[in-house]
Amino acid sequence: MDSSSVNTTGFPFGFTDTGRTRLPGTETRVRELVEMLLFTIPGERVMRPDLGTPVMGLLFEGLNDALAATLKVSLHAALQQWLGDIVEVREVSVETVESTLLVNVVYALVGESTQHHIQFKRERG
């Protein structure tokens, strides 16, 4: 694979200057998959109504300890269900800082020991 076919983003689908399919790096692709899963509302995908998590519905809710713990378990379960063949989820945390919802995911690619950390921020309003 030459460097012109690797891109920092894989979504949306695209082509390189040479007309070949643009391929994202592994970390970029996993980040995009996790982000799409976390911020898809259950029922949004017609052919997969159980795909998604309740994160987007909680942007306007008060996040207390009980809700954060429930959401943490829900997100971990969704990641295992839908992306378990790609990643081993090590830790998930959810918190609000002022008007920002922060979701942190620590994972390793299946069969690898190197941990990766990604954080997603969503503003209210």
# chains A, B, ... in the order shown; residues from 1 in each chain; ligands from 1
$ residues_around --residues "Ala66 (chain A)" --least-positions-apart "6" --cutoff "12 Å" --atoms "only C-alpha atoms" --output "PyMOL selection string"
chain A and resi 72-73+94-95
$ write_last_selection --atoms "C-alpha atoms" --output "mmCIF file, in the first residue's frame"
data_model
loop_
_atom_site.group_PDB
_atom_site.id
_atom_site.type_symbol
_atom_site.label_atom_id
_atom_site.label_comp_id
_atom_site.auth_asym_id
_atom_site.auth_seq_id
_atom_site.Cartn_x
_atom_site.Cartn_y
_atom_site.Cartn_z
ATOM 1 C CA LYS A 72 -21.271 3.265 31.041
ATOM 2 C CA VAL A 73 -22.563 -0.324 31.131
ATOM 3 C CA VAL A 94 -19.055 9.183 30.777
ATOM 4 C CA GLU A 95 -19.099 12.598 32.416
#
$ select_by_dssp --residues "chain A" --states "strand (DSSP E)" --output "PyMOL selection string"
chain A and resi 6-7+23-24+87-97+100-109+115-123
$ write_last_selection --atoms "C-alpha atoms" --output "compact mmCIF listing (two decimals), in the first residue's frame"
# COMPACT_ATOMS: atom_id res chain seq x y z
CA VAL A 6 -3.80 6.20 3.25
CA ASN A 7 -5.77 9.10 4.61
CA LEU A 23 -8.14 3.89 2.81
CA PRO A 24 -7.97 5.20 6.38
CA VAL A 87 -11.70 -4.21 19.64
CA GLU A 88 -11.40 -5.33 23.24
CA VAL A 89 -12.99 -2.61 25.33
CA ARG A 90 -10.93 -1.95 28.44
CA GLU A 91 -12.76 1.02 29.92
CA VAL A 92 -15.64 3.36 29.21
CA SER A 93 -16.39 6.54 31.15
CA VAL A 94 -19.06 9.18 30.78
CA GLU A 95 -19.10 12.60 32.42
CA THR A 96 -20.45 16.08 31.96
CA VAL A 97 -18.35 19.18 32.32
CA THR A 100 -20.28 19.27 27.49
CA LEU A 101 -20.81 15.51 27.50
CA LEU A 102 -17.50 13.59 27.48
CA VAL A 103 -17.30 9.92 26.52
CA ASN A 104 -13.93 8.22 26.96
CA VAL A 105 -13.16 4.79 25.55
CA VAL A 106 -10.00 2.79 26.22
CA TYR A 107 -9.56 -0.22 23.94
CA ALA A 108 -7.04 -2.53 22.36
CA LEU A 109 -7.32 -4.08 18.94
CA GLN A 115 -4.12 0.34 24.49
CA HIS A 116 -5.68 3.27 22.67
CA HIS A 117 -7.70 6.09 24.20
CA ILE A 118 -10.30 8.13 22.37
CA GLN A 119 -12.51 10.89 23.73
CA PHE A 120 -15.66 12.24 22.18
CA LYS A 121 -17.16 15.61 23.15
CA ARG A 122 -20.67 16.75 22.43
CA GLU A 123 -21.91 20.22 23.37
$ select_by_dssp --residues "chain A" --states "alpha helix (DSSP H)" --output "PyMOL selection string"
chain A and resi 26-38+65-83
$ write_last_selection --atoms "N, CA and C atoms" --output "short mmCIF file (atom, residue, chain, number, x, y, z; two decimals), in the first residue's frame"
data_model
loop_
_atom_site.label_atom_id
_atom_site.label_comp_id
_atom_site.auth_asym_id
_atom_site.auth_seq_id
_atom_site.Cartn_x
_atom_site.Cartn_y
_atom_site.Cartn_z
N THR A 26 -5.76 2.14 10.47
CA THR A 26 -6.54 1.31 11.39
C THR A 26 -7.11 2.12 12.54
N GLU A 27 -6.28 2.94 13.19
CA GLU A 27 -6.76 3.74 14.32
C GLU A 27 -7.88 4.68 13.90
N THR A 28 -7.74 5.30 12.75
CA THR A 28 -8.77 6.21 12.25
C THR A 28 -10.06 5.45 11.99
N ARG A 29 -9.97 4.31 11.37
CA ARG A 29 -11.16 3.52 11.05
C ARG A 29 -11.87 3.07 12.33
N VAL A 30 -11.13 2.61 13.31
CA VAL A 30 -11.74 2.18 14.57
C VAL A 30 -12.40 3.36 15.26
N ARG A 31 -11.73 4.51 15.29
CA ARG A 31 -12.31 5.71 15.90
C ARG A 31 -13.63 6.06 15.23
N GLU A 32 -13.67 6.02 13.91
CA GLU A 32 -14.89 6.34 13.18
C GLU A 32 -16.00 5.34 13.48
N LEU A 33 -15.66 4.05 13.56
CA LEU A 33 -16.66 3.03 13.87
C LEU A 33 -17.24 3.24 15.27
N VAL A 34 -16.36 3.51 16.23
CA VAL A 34 -16.81 3.74 17.61
C VAL A 34 -17.70 4.98 17.66
N GLU A 35 -17.28 6.05 17.02
CA GLU A 35 -18.07 7.29 17.03
C GLU A 35 -19.44 7.09 16.38
N MET A 36 -19.47 6.41 15.24
CA MET A 36 -20.75 6.17 14.58
C MET A 36 -21.67 5.33 15.46
N LEU A 37 -21.13 4.33 16.13
CA LEU A 37 -21.94 3.49 17.01
C LEU A 37 -22.46 4.28 18.20
N LEU A 38 -21.57 5.00 18.88
CA LEU A 38 -21.96 5.72 20.09
C LEU A 38 -23.02 6.79 19.83
N ASP A 65 -24.77 10.28 39.10
CA ASP A 65 -23.91 9.09 39.21
C ASP A 65 -24.60 7.82 38.75
N ALA A 66 -25.86 7.66 39.09
CA ALA A 66 -26.59 6.44 38.71
C ALA A 66 -26.77 6.37 37.19
N LEU A 67 -27.13 7.48 36.58
CA LEU A 67 -27.31 7.50 35.13
C LEU A 67 -25.98 7.29 34.43
N ALA A 68 -24.91 7.89 34.94
CA ALA A 68 -23.58 7.71 34.34
C ALA A 68 -23.16 6.25 34.40
N ALA A 69 -23.42 5.58 35.53
CA ALA A 69 -23.05 4.17 35.68
C ALA A 69 -23.86 3.30 34.72
N THR A 70 -25.15 3.57 34.59
CA THR A 70 -26.00 2.82 33.67
C THR A 70 -25.54 3.03 32.23
N LEU A 71 -25.25 4.27 31.89
CA LEU A 71 -24.80 4.58 30.53
C LEU A 71 -23.46 3.91 30.24
N LYS A 72 -22.58 3.90 31.21
CA LYS A 72 -21.27 3.27 31.04
C LYS A 72 -21.44 1.78 30.69
N VAL A 73 -22.31 1.09 31.40
CA VAL A 73 -22.56 -0.32 31.13
C VAL A 73 -23.21 -0.50 29.76
N SER A 74 -24.14 0.36 29.42
CA SER A 74 -24.83 0.30 28.13
C SER A 74 -23.86 0.51 26.96
N LEU A 75 -22.98 1.48 27.10
CA LEU A 75 -22.00 1.76 26.04
C LEU A 75 -21.02 0.61 25.89
N HIS A 76 -20.55 0.09 27.02
CA HIS A 76 -19.61 -1.03 26.99
C HIS A 76 -20.26 -2.23 26.29
N ALA A 77 -21.51 -2.52 26.62
CA ALA A 77 -22.23 -3.64 26.00
C ALA A 77 -22.41 -3.44 24.50
N ALA A 78 -22.75 -2.23 24.09
CA ALA A 78 -22.93 -1.95 22.66
C ALA A 78 -21.61 -2.10 21.90
N LEU A 79 -20.53 -1.60 22.49
CA LEU A 79 -19.23 -1.73 21.84
C LEU A 79 -18.83 -3.20 21.71
N GLN A 80 -19.09 -3.99 22.75
CA GLN A 80 -18.77 -5.42 22.68
C GLN A 80 -19.64 -6.13 21.65
N GLN A 81 -20.92 -5.80 21.62
CA GLN A 81 -21.84 -6.46 20.70
C GLN A 81 -21.51 -6.16 19.24
N TRP A 82 -21.31 -4.90 18.92
CA TRP A 82 -21.18 -4.50 17.53
C TRP A 82 -19.74 -4.45 17.03
N LEU A 83 -18.77 -4.22 17.91
CA LEU A 83 -17.38 -4.09 17.48
C LEU A 83 -16.45 -5.07 18.18
#
$ atom_distance --atom1 "CA of Phe39 (chain A)" --atom2 "CA of Gly57 (chain A)"
9.4 Å
$ residues_around --residues "Thr40 (chain A)" --least-positions-apart "5" --cutoff "9 Å" --atoms "only C-alpha atoms" --output "VMD selection string"
chain A and resid 35 45 51 to 56
$ decode --residues "region 13-115 of chain A" --atoms "C-alpha atoms" --output "short mmCIF file (atom, residue, chain, number, x, y, z; two decimals), in the first residue's frame"
data_model
loop_
_atom_site.label_atom_id
_atom_site.label_comp_id
_atom_site.auth_asym_id
_atom_site.auth_seq_id
_atom_site.Cartn_x
_atom_site.Cartn_y
_atom_site.Cartn_z
CA PHE A 13 -15.84 7.39 1.16
CA GLY A 14 -13.40 8.93 -1.32
CA PHE A 15 -10.61 8.51 -3.81
CA THR A 16 -6.92 9.40 -3.94
CA ASP A 17 -5.31 11.66 -6.55
CA THR A 18 -4.50 8.56 -8.58
CA GLY A 19 -8.14 7.40 -8.62
CA ARG A 20 -7.69 4.55 -6.14
CA THR A 21 -9.98 4.00 -3.20
CA ARG A 22 -8.84 6.07 -0.22
CA LEU A 23 -8.14 3.89 2.81
CA PRO A 24 -7.97 5.20 6.38
CA GLY A 25 -5.41 3.92 8.85
CA THR A 26 -6.54 1.31 11.39
CA GLU A 27 -6.76 3.74 14.32
CA THR A 28 -8.77 6.21 12.25
CA ARG A 29 -11.16 3.52 11.05
CA VAL A 30 -11.74 2.18 14.57
CA ARG A 31 -12.31 5.71 15.90
CA GLU A 32 -14.89 6.34 13.18
CA LEU A 33 -16.66 3.03 13.87
CA VAL A 34 -16.81 3.74 17.61
CA GLU A 35 -18.07 7.29 17.03
CA MET A 36 -20.75 6.17 14.58
CA LEU A 37 -21.94 3.49 17.01
CA LEU A 38 -21.96 5.72 20.09
CA PHE A 39 -23.84 8.57 18.43
CA THR A 40 -26.37 6.54 16.45
CA ILE A 41 -29.78 6.66 18.10
CA PRO A 42 -31.42 3.21 18.52
CA GLY A 43 -34.05 2.89 15.80
CA GLU A 44 -32.24 5.32 13.48
CA ARG A 45 -30.99 2.53 11.19
CA VAL A 46 -34.00 0.90 9.54
CA MET A 47 -32.39 -2.48 8.91
CA ARG A 48 -30.65 -2.54 12.33
CA PRO A 49 -33.10 -0.95 14.79
CA ASP A 50 -31.12 -2.20 17.81
CA LEU A 51 -27.87 -0.57 16.62
CA GLY A 52 -26.86 2.47 18.63
CA THR A 53 -26.74 3.87 22.14
CA PRO A 54 -28.81 6.36 24.16
CA VAL A 55 -25.98 8.95 24.36
CA MET A 56 -27.58 11.53 22.06
CA GLY A 57 -30.79 11.48 24.08
CA LEU A 58 -28.83 12.34 27.21
CA LEU A 59 -27.28 15.56 25.95
CA PHE A 60 -30.10 17.52 27.56
CA GLU A 61 -30.48 15.36 30.69
CA GLY A 62 -28.77 15.93 34.00
CA LEU A 63 -26.09 13.26 34.33
CA ASN A 64 -26.04 11.96 37.89
CA ASP A 65 -23.91 9.09 39.21
CA ALA A 66 -26.59 6.44 38.71
CA LEU A 67 -27.31 7.50 35.13
CA ALA A 68 -23.58 7.71 34.34
CA ALA A 69 -23.05 4.17 35.68
CA THR A 70 -26.00 2.82 33.67
CA LEU A 71 -24.80 4.58 30.53
CA LYS A 72 -21.27 3.27 31.04
CA VAL A 73 -22.56 -0.32 31.13
CA SER A 74 -24.83 0.30 28.13
CA LEU A 75 -22.00 1.76 26.04
CA HIS A 76 -19.61 -1.03 26.99
CA ALA A 77 -22.23 -3.64 26.00
CA ALA A 78 -22.93 -1.95 22.66
CA LEU A 79 -19.23 -1.73 21.84
CA GLN A 80 -18.77 -5.42 22.68
CA GLN A 81 -21.84 -6.46 20.70
CA TRP A 82 -21.18 -4.50 17.53
CA LEU A 83 -17.38 -4.09 17.48
CA GLY A 84 -16.22 -7.02 19.63
CA ASP A 85 -14.56 -8.72 16.68
CA ILE A 86 -12.35 -5.65 16.18
CA VAL A 87 -11.70 -4.21 19.64
CA GLU A 88 -11.40 -5.33 23.24
CA VAL A 89 -12.99 -2.61 25.33
CA ARG A 90 -10.93 -1.95 28.44
CA GLU A 91 -12.76 1.02 29.92
CA VAL A 92 -15.64 3.36 29.21
CA SER A 93 -16.39 6.54 31.15
CA VAL A 94 -19.06 9.18 30.78
CA GLU A 95 -19.10 12.60 32.42
CA THR A 96 -20.45 16.08 31.96
CA VAL A 97 -18.35 19.18 32.32
CA GLU A 98 -20.55 22.26 32.31
CA SER A 99 -22.54 21.90 29.06
CA THR A 100 -20.28 19.27 27.49
CA LEU A 101 -20.81 15.51 27.50
CA LEU A 102 -17.50 13.59 27.48
CA VAL A 103 -17.30 9.92 26.52
CA ASN A 104 -13.93 8.22 26.96
CA VAL A 105 -13.16 4.79 25.55
CA VAL A 106 -10.00 2.79 26.22
CA TYR A 107 -9.56 -0.22 23.94
CA ALA A 108 -7.04 -2.53 22.36
CA LEU A 109 -7.32 -4.08 18.94
CA VAL A 110 -8.20 -7.78 19.19
CA GLY A 111 -5.04 -9.80 19.62
CA GLU A 112 -2.89 -6.78 20.49
CA SER A 113 -1.82 -5.44 23.88
CA THR A 114 -1.34 -1.76 22.99
CA GLN A 115 -4.12 0.34 24.49
#
